[in-house]
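Source file input_12.tsv; content: TSV, C-alpha atoms.
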```
chain	number	residue	atom	x	y	z
A	1	MET	CA	5.22	45.05	-10.00
A	2	THR	CA	3.92	41.65	-8.97
A	3	PHE	CA	0.82	41.17	-6.82
A	4	GLU	CA	3.10	40.57	-3.83
A	5	ASP	CA	4.93	43.84	-4.54
A	6	TRP	CA	1.60	45.70	-4.50
A	7	ILE	CA	0.59	44.10	-1.21
A	8	PHE	CA	3.99	44.98	0.25
A	9	ALA	CA	3.74	48.59	-0.95
A	10	ILE	CA	0.23	49.00	0.45
A	11	HIS	CA	1.29	47.31	3.70
A	12	LEU	CA	4.04	49.92	4.04
A	13	LEU	CA	1.64	52.73	3.18
A	14	PHE	CA	-0.58	51.61	6.05
A	15	ALA	CA	2.49	51.36	8.28
A	16	ALA	CA	3.58	54.88	7.27
A	17	THR	CA	0.04	56.11	8.01
A	18	LEU	CA	0.20	54.47	11.43
A	19	VAL	CA	3.58	55.90	12.40
A	20	GLY	CA	2.80	59.28	10.83
A	21	SER	CA	-0.48	59.49	12.71
A	22	LEU	CA	1.33	58.66	15.96
A	23	VAL	CA	3.72	61.55	15.31
A	24	MET	CA	0.70	63.75	14.65
A	25	SER	CA	-1.03	62.63	17.84
A	26	TRP	CA	2.14	63.33	19.83
A	27	ILE	CA	2.08	66.89	18.50
A	28	VAL	CA	-1.50	67.18	19.76
A	29	VAL	CA	-0.71	65.54	23.13
A	30	VAL	CA	2.21	67.94	23.72
A	31	SER	CA	0.01	70.92	22.74
A	32	MET	CA	-2.75	69.78	25.06
A	33	ARG	CA	-0.40	70.02	28.02
A	34	THR	CA	-0.63	73.82	27.75
A	35	ALA	CA	-4.37	73.93	26.97
A	36	ASP	CA	-6.26	75.34	29.94
A	37	THR	CA	-9.58	76.46	28.44
A	38	PRO	CA	-12.48	74.41	27.05
A	39	ASP	CA	-12.10	76.07	23.64
A	40	ALA	CA	-8.41	75.23	23.33
A	41	THR	CA	-9.05	71.65	24.47
A	42	LEU	CA	-11.94	71.08	22.07
A	43	ASN	CA	-10.08	72.64	19.14
A	44	LEU	CA	-7.09	70.38	19.72
A	45	HIS	CA	-9.47	67.45	20.09
A	46	ARG	CA	-10.76	68.06	16.54
A	47	VAL	CA	-7.20	67.71	15.23
A	48	GLY	CA	-6.66	64.71	17.50
A	49	LEU	CA	-9.70	62.97	16.04
A	50	VAL	CA	-8.11	62.97	12.59
A	51	ALA	CA	-4.94	61.47	14.08
A	52	THR	CA	-7.00	58.83	15.89
A	53	GLY	CA	-8.83	57.88	12.72
A	54	ALA	CA	-5.58	57.57	10.79
A	55	THR	CA	-4.08	55.49	13.63
A	56	ILE	CA	-6.97	53.03	13.59
A	57	ILE	CA	-6.82	52.73	9.79
A	58	GLY	CA	-3.04	52.26	9.97
A	59	LEU	CA	-3.27	49.60	12.70
A	60	ALA	CA	-5.94	47.60	10.89
A	61	GLY	CA	-4.36	47.86	7.45
A	62	ALA	CA	-0.80	47.12	8.53
A	63	ILE	CA	-1.69	43.94	10.47
A	64	THR	CA	-4.07	42.60	7.83
A	65	LEU	CA	-1.71	43.06	4.92
A	66	GLY	CA	1.29	42.06	7.02
A	67	ILE	CA	-0.20	38.66	7.83
A	68	TRP	CA	-1.38	38.28	4.23
A	69	LEU	CA	2.16	39.01	3.04
A	70	ALA	CA	3.60	36.45	5.46
A	71	ILE	CA	1.26	33.88	3.89
A	72	LEU	CA	1.96	34.96	0.29
A	73	ARG	CA	5.73	35.14	0.49
A	74	VAL	CA	7.60	31.90	-0.02
A	75	ASP	CA	10.51	32.90	2.22
A	76	PHE	CA	8.37	34.04	5.19
A	77	HIS	CA	5.76	32.28	7.31
A	78	PRO	CA	3.22	33.60	9.81
A	79	TRP	CA	4.84	31.37	12.45
A	80	ASP	CA	8.36	32.82	11.98
A	81	GLY	CA	9.70	34.29	15.21
A	82	TRP	CA	10.03	37.84	13.94
A	83	VAL	CA	6.48	37.75	12.48
A	84	ILE	CA	5.04	36.52	15.78
A	85	GLY	CA	7.11	39.17	17.57
A	86	ALA	CA	5.60	41.86	15.33
A	87	ILE	CA	2.07	40.59	16.01
A	88	VAL	CA	2.69	40.62	19.77
A	89	LEU	CA	4.10	44.15	19.62
A	90	TRP	CA	1.15	45.23	17.44
A	91	SER	CA	-1.22	43.83	20.07
A	92	ILE	CA	0.58	45.71	22.87
A	93	ALA	CA	0.47	48.93	20.85
A	94	THR	CA	-3.22	48.50	20.03
A	95	VAL	CA	-4.27	47.85	23.62
A	96	ALA	CA	-2.15	50.75	24.89
A	97	LEU	CA	-3.56	53.11	22.26
A	98	LEU	CA	-7.18	52.11	22.90
A	99	ARG	CA	-6.65	52.68	26.63
A	100	SER	CA	-5.03	56.04	25.93
A	101	PHE	CA	-8.07	57.08	23.87
A	102	VAL	CA	-10.17	56.47	27.02
A	103	GLU	CA	-7.79	58.62	29.10
A	104	TYR	CA	-7.79	61.48	26.64
A	105	ALA	CA	-11.59	61.38	26.38
A	106	LYS	CA	-11.78	62.60	30.00
A	107	PRO	CA	-10.60	66.18	29.36
A	108	ILE	CA	-12.90	66.36	26.33
A	109	ASP	CA	-15.91	65.39	28.45
A	110	LYS	CA	-14.82	67.92	31.07
A	111	ALA	CA	-14.42	70.67	28.46
A	112	LYS	CA	-17.89	69.98	27.05
A	113	ALA	CA	-19.36	70.06	30.57
A	114	LEU	CA	-17.66	73.38	31.27
A	115	VAL	CA	-18.97	74.88	28.03
A	116	ALA	CA	-22.47	73.57	28.80
A	117	SER	CA	-22.36	75.29	32.18
A	118	GLY	CA	-21.16	78.54	30.62
A	119	GLN	CA	-17.61	78.36	31.98
A	120	THR	CA	-15.24	79.24	29.14
A	121	GLY	CA	-12.28	80.55	31.11
A	122	SER	CA	-9.16	78.84	32.36
A	123	SER	CA	-9.73	75.70	34.47
A	124	MET	CA	-7.07	74.02	36.62
A	125	GLU	CA	-9.02	70.76	36.69
A	126	LEU	CA	-9.16	70.75	32.88
A	127	THR	CA	-5.45	71.47	32.64
A	128	ALA	CA	-4.72	68.56	34.98
A	129	LEU	CA	-6.84	66.22	32.84
A	130	ASN	CA	-5.06	67.41	29.68
A	131	ARG	CA	-1.77	66.53	31.35
A	132	THR	CA	-2.86	62.97	32.22
A	133	ALA	CA	0.19	60.97	33.26
A	134	THR	CA	-1.61	57.68	32.55
A	135	GLY	CA	-2.51	58.74	29.05
A	136	LEU	CA	1.05	59.88	28.40
A	137	LEU	CA	2.52	56.63	29.70
A	138	LEU	CA	0.17	54.58	27.52
A	139	ARG	CA	1.23	56.63	24.49
A	140	VAL	CA	4.89	56.06	25.33
A	141	VAL	CA	4.30	52.30	25.59
A	142	ALA	CA	2.40	52.22	22.28
A	143	SER	CA	5.05	54.32	20.51
A	144	ALA	CA	7.88	52.17	21.85
A	145	ALA	CA	6.07	49.05	20.64
A	146	ILE	CA	5.62	50.56	17.16
A	147	VAL	CA	9.29	51.58	16.97
A	148	LEU	CA	10.25	48.01	17.94
A	149	ILE	CA	8.00	46.70	15.14
A	150	VAL	CA	9.89	48.88	12.66
A	151	VAL	CA	13.21	47.56	14.00
A	152	ASP	CA	11.84	44.01	13.80
A	153	MET	CA	10.70	44.52	10.21
A	154	ILE	CA	14.08	45.85	9.10
A	155	TRP	CA	16.31	43.33	10.86
A	156	LYS	CA	13.92	40.34	10.86
A	157	PRO	CA	15.81	38.60	13.70
A	158	GLY	CA	16.10	34.88	13.22
A	159	ALA	CA	15.09	35.00	9.57
B	1	MET	CA	17.79	35.19	3.81
B	2	LEU	CA	16.49	38.71	3.15
B	3	ALA	CA	18.03	39.93	6.40
B	4	ALA	CA	21.37	38.39	5.44
B	5	ILE	CA	21.42	40.33	2.16
B	6	ARG	CA	21.58	43.70	3.91
B	7	PRO	CA	24.50	44.40	6.28
B	8	ASP	CA	23.63	45.83	9.70
B	9	ILE	CA	25.02	49.28	8.87
B	10	GLN	CA	22.64	49.54	5.90
B	11	SER	CA	19.75	48.42	8.06
B	12	PHE	CA	20.62	51.18	10.53
B	13	ALA	CA	20.74	53.79	7.76
B	14	LEU	CA	17.40	52.50	6.48
B	15	LEU	CA	15.92	52.75	9.99
B	16	LEU	CA	17.03	56.39	10.27
B	17	HIS	CA	15.68	57.13	6.78
B	18	LEU	CA	12.30	55.58	7.69
B	19	VAL	CA	12.15	57.42	11.02
B	20	GLY	CA	12.83	60.71	9.21
B	21	ALA	CA	10.20	59.96	6.59
B	22	THR	CA	7.47	59.08	9.06
B	23	VAL	CA	8.28	62.10	11.24
B	24	VAL	CA	7.94	64.42	8.21
B	25	PHE	CA	4.76	62.64	7.15
B	26	GLY	CA	3.25	63.01	10.61
B	27	ALA	CA	4.22	66.68	10.81
B	28	LEU	CA	2.67	67.35	7.38
B	29	LEU	CA	-0.54	65.60	8.49
B	30	ALA	CA	-0.61	67.62	11.70
B	31	SER	CA	0.08	70.88	9.87
B	32	ALA	CA	-2.50	70.42	7.13
B	33	THR	CA	-5.16	69.20	9.56
B	34	SER	CA	-4.58	71.99	12.06
B	35	ILE	CA	-4.82	74.72	9.46
B	36	VAL	CA	-7.86	73.17	7.75
B	37	LEU	CA	-9.72	72.84	11.07
B	38	ALA	CA	-8.51	76.16	12.55
B	39	ARG	CA	-11.51	78.26	11.45
B	40	GLY	CA	-9.46	81.33	12.29
B	41	ASP	CA	-8.35	80.01	15.69
B	42	THR	CA	-4.87	81.44	16.21
B	43	ARG	CA	-3.66	78.57	18.39
B	44	LEU	CA	-4.42	75.94	15.73
B	45	LEU	CA	-2.95	78.10	12.95
B	46	ARG	CA	0.25	78.43	14.95
B	47	LEU	CA	0.23	74.69	15.71
B	48	GLY	CA	-0.01	74.05	11.98
B	49	TYR	CA	3.06	76.14	11.31
B	50	PHE	CA	5.21	75.06	14.25
B	51	SER	CA	4.49	71.38	13.53
B	52	LEU	CA	6.35	71.89	10.25
B	53	LEU	CA	9.17	73.95	11.71
B	54	LEU	CA	9.91	72.05	14.91
B	55	VAL	CA	8.98	68.48	13.91
B	56	GLY	CA	8.86	68.31	10.13
B	57	LEU	CA	12.10	70.11	9.33
B	58	PRO	CA	14.33	67.95	11.60
B	59	GLY	CA	12.56	64.89	10.16
B	60	LEU	CA	13.24	66.07	6.63
B	61	ILE	CA	16.92	66.64	7.38
B	62	LEU	CA	17.17	63.14	8.91
B	63	LEU	CA	15.33	61.59	5.96
B	64	ARG	CA	17.61	63.24	3.39
B	65	LEU	CA	20.92	62.63	5.18
B	66	ALA	CA	20.10	59.01	6.04
B	67	GLY	CA	18.82	58.44	2.51
B	68	GLN	CA	22.04	59.79	1.07
B	69	TRP	CA	24.06	57.64	3.46
B	70	LEU	CA	22.11	54.52	2.44
B	71	TYR	CA	22.53	55.49	-1.24
B	72	GLN	CA	26.29	55.52	-0.78
B	73	LEU	CA	26.42	52.38	1.38
B	74	GLN	CA	24.52	50.49	-1.32
B	75	LYS	CA	26.91	51.94	-3.93
B	76	TRP	CA	24.21	53.47	-6.15
B	77	ASN	CA	26.69	56.31	-6.77
B	78	ASP	CA	29.09	53.78	-8.25
B	79	LEU	CA	26.92	52.10	-10.88
B	80	PRO	CA	28.72	50.89	-14.01
B	81	SER	CA	28.02	53.21	-16.93
B	82	GLN	CA	25.87	50.68	-18.77
B	83	PHE	CA	23.32	50.68	-15.95
B	84	ALA	CA	20.84	53.47	-15.36
B	85	ARG	CA	19.64	54.48	-11.92
B	86	PRO	CA	16.28	52.79	-11.26
B	87	THR	CA	13.11	54.86	-11.54
B	88	TRP	CA	12.06	54.25	-7.95
B	89	LEU	CA	15.28	55.86	-6.74
B	90	ASP	CA	14.75	58.85	-9.03
B	91	ILE	CA	11.23	59.27	-7.63
B	92	GLY	CA	12.66	59.22	-4.12
B	93	PHE	CA	15.18	61.95	-5.01
B	94	ILE	CA	12.53	64.09	-6.71
B	95	VAL	CA	10.20	63.91	-3.72
B	96	ALA	CA	12.99	64.53	-1.23
B	97	ASP	CA	14.82	67.30	-3.10
B	98	TRP	CA	12.07	69.17	-4.96
B	99	GLY	CA	9.72	68.39	-2.13
B	100	GLY	CA	12.31	69.83	0.22
B	101	ILE	CA	12.27	73.11	-1.69
B	102	LEU	CA	8.48	73.20	-1.47
B	103	PHE	CA	8.76	72.41	2.23
B	104	LEU	CA	11.08	75.39	2.77
B	105	LEU	CA	8.69	77.59	0.79
B	106	ALA	CA	5.87	76.46	3.09
B	107	LEU	CA	8.00	77.41	6.09
B	108	VAL	CA	8.79	80.86	4.70
B	109	LEU	CA	5.17	81.64	3.80
B	110	GLY	CA	3.91	80.21	7.08
B	111	GLY	CA	6.53	82.13	9.05
B	112	ILE	CA	5.41	85.41	7.53
B	113	GLY	CA	1.81	84.41	8.18
B	114	VAL	CA	2.47	83.65	11.85
B	115	HIS	CA	4.32	86.95	12.22
B	116	ARG	CA	1.36	88.82	10.76
B	117	LEU	CA	-1.02	86.93	13.05
B	118	ARG	CA	0.98	88.11	16.03
B	119	ASN	CA	0.63	91.72	14.88
B	120	ASP	CA	-3.04	91.37	13.95
B	121	ARG	CA	-2.22	91.97	10.29
B	122	GLY	CA	-3.93	88.89	8.87
B	123	GLY	CA	-1.66	86.05	7.81
B	124	THR	CA	-4.37	83.42	7.44
B	125	LEU	CA	-4.06	83.37	3.66
B	126	LEU	CA	-0.33	82.68	3.83
B	127	LEU	CA	-0.95	79.86	6.31
B	128	ARG	CA	-3.54	78.42	3.92
B	129	ALA	CA	-0.81	78.40	1.26
B	130	THR	CA	1.33	76.46	3.77
B	131	MET	CA	-1.57	74.03	4.18
B	132	VAL	CA	-1.90	73.53	0.40
B	133	ILE	CA	1.82	72.85	0.08
B	134	SER	CA	1.57	70.37	2.98
B	135	LEU	CA	-1.24	68.52	1.21
B	136	VAL	CA	0.76	68.39	-2.03
B	137	LEU	CA	3.75	67.03	-0.13
B	138	ILE	CA	1.59	64.39	1.58
B	139	VAL	CA	0.58	63.11	-1.87
B	140	GLY	CA	4.23	63.21	-2.93
B	141	TYR	CA	5.29	61.17	0.07
B	142	VAL	CA	2.58	58.58	-0.59
B	143	VAL	CA	3.91	58.21	-4.15
B	144	ALA	CA	7.48	57.96	-2.84
B	145	VAL	CA	6.56	55.24	-0.32
B	146	TRP	CA	4.77	53.31	-3.07
B	147	ALA	CA	7.71	53.64	-5.47
B	148	MET	CA	10.47	52.88	-2.98
B	149	THR	CA	8.73	49.82	-1.57
B	150	GLY	CA	7.11	48.42	-4.69
B	151	LYS	CA	10.09	49.37	-6.85
B	152	PRO	CA	8.03	49.38	-10.08
B	153	SER	CA	11.08	49.46	-12.33
```

Structure rendered as structure tokens:
Amino acid sequence: MTFEDWIFAIHLLFAATLVGSLVMSWIVVVSMRTADTPDATLNLHRVGLVATGATIIGLAGAITLGIWLAILRVDFHPWDGWVIGAIVLWSIATVALLRSFVEYAKPIDKAKALVASGQTGSSMELTALNRTATGLLLRVVASAAIVLIVVDMIWKPGA
Amino acid sequence: MLAAIRPDIQSFALLLHLVGATVVFGALLASATSIVLARGDTRLLRLGYFSLLLVGLPGLILLRLAGQWLYQLQKWNDLPSQFARPTWLDIGFIVADWGGILFLLALVLGGIGVHRLRNDRGGTLLLRATMVISLVLIVGYVVAVWAMTGKPS
């Protein structure tokens, strides 16, 4: 394997980590929609934290090595249309994900407040926060952007 | 240039194969993490199992079928006798096929574990076995991604 091959392989490992972690976070998001107690919410949050960490690592690694690869490779350039398209989509996904983290922090704060006040039973307000429509929409936008990046990487339109 | 080398139908098969792979990978991550962090919590133990069954298994089926389709589209099944199949392809088959058997074993053990949980007859140990298999498969998938992208042979 050449140096470029290694960078490409590691770039794809970061990309796989990113997409895999998004799948994992979707599993958590769907589970949270039926979580109505502080315990259930906080337990799912612990799993969600691992997904969030992997997402951030995947985002950072994929973009860094992707741009590096575009510079290294003779047949690609960072100013190629499909490369710029991927960077734009990556930016959309990143902003949407960071905003979704803020949305999904709200039920966690609520759950901690309920536990602190000794309320461990079912809470309708907590359930509503776990089912945040804004958070869900942001996740959908981020996921769609990531899927489009994968399509862009495979077809490389205009290359 | 690179895009022109691969016909659209192959690109579509590759897309499906990648979608399947990342879905399985995500389900394995979710499963292993849930069971590791469960600390006996039934909900998380069940999440660990059902992540594999409801998300991972369909992903695995998609990965394998799309991979086979791409294999045939690229005519790897029609290599002249003087050429051997490349190592990276063999690694992919090993991870998909032998890994698939391990995956099914994880589902069987986890299924029994979840059933026992429901009847208050333990089951945590079996779900930990599911978690260990998930972790092994995660490593296998990392190796497969490295091999199939870097193509070391």

Margin query: Counting all atoms listed in the file, a student should be able to say which residues of chain A come within 9 Å of chain B; what is the right answer, written as a PyMOL selection string?
Written below: chain A and resi 1-2+4-10+12-13+16-25+27-28+31+40+43-44+46-48+50-51+75+147+150-151+154-159

Taking every listed atom of segment 67-70 of chain B and adding 3 Å to each side, what centre and edge lengths in Å (one decimal) does the axis-aligned box have, as JSON?
```
{"center_x": 21.4, "center_y": 57.2, "center_z": 2.3, "size_x": 11.2, "size_y": 11.3, "size_z": 8.4}
```

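Atom CA of Lys112 of chain A is found 19.2 Å from atom CA of Gly135 of chain A.
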
Notebook entry, point to check: Quick one: of B:Ala129, B:Leu117, B:Ile91, B:Ala13, who's nearest to Gln72 of chain B, counting all atoms listed in the file?
Noted result: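 Between B:Ala129, B:Leu117, B:Ile91, B:Ala13, the residue approaching Gln72 of chain B most closely is B:Ala13.
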
Next item on the list: One decimal, Å: what's the distance from atom CA of Leu127 of chain B over to atom CA of Leu105 of chain B, could you say?
Entry: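 Atom CA of Leu105 of chain B lies 11.3 Å from atom CA of Leu127 of chain B.
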
Checklist line | Neighbour list for Val83 of chain A as an NGL selection string, cut-off 10 Å, only C-alpha atoms, skip fewer than 6 positions in-chain | finding: :A and (66-67 or 70 or 76-77 or 89 or 149 or 152-153 or 156-157 or 159)

Note to self: Please compute the atom CA of Arg64 of chain B-atom CA of Ala96 of chain B distance, one decimal, in Å.
What the structure shows: 6.7 Å

Margin query: Please determine, counting all atoms listed in the file, which residue among A:Val102, A:Ile87, A:Ala60, A:Leu97 has the shortest atom-to-atom distance to Val141 of chain A.
Written below: A:Leu97

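Using all atoms listed in the file, the shortest contact distance between Asp97 of chain B and any of B:Gly123, B:Pro58, B:Gly67, B:Pro80 is found at B:Gly67.
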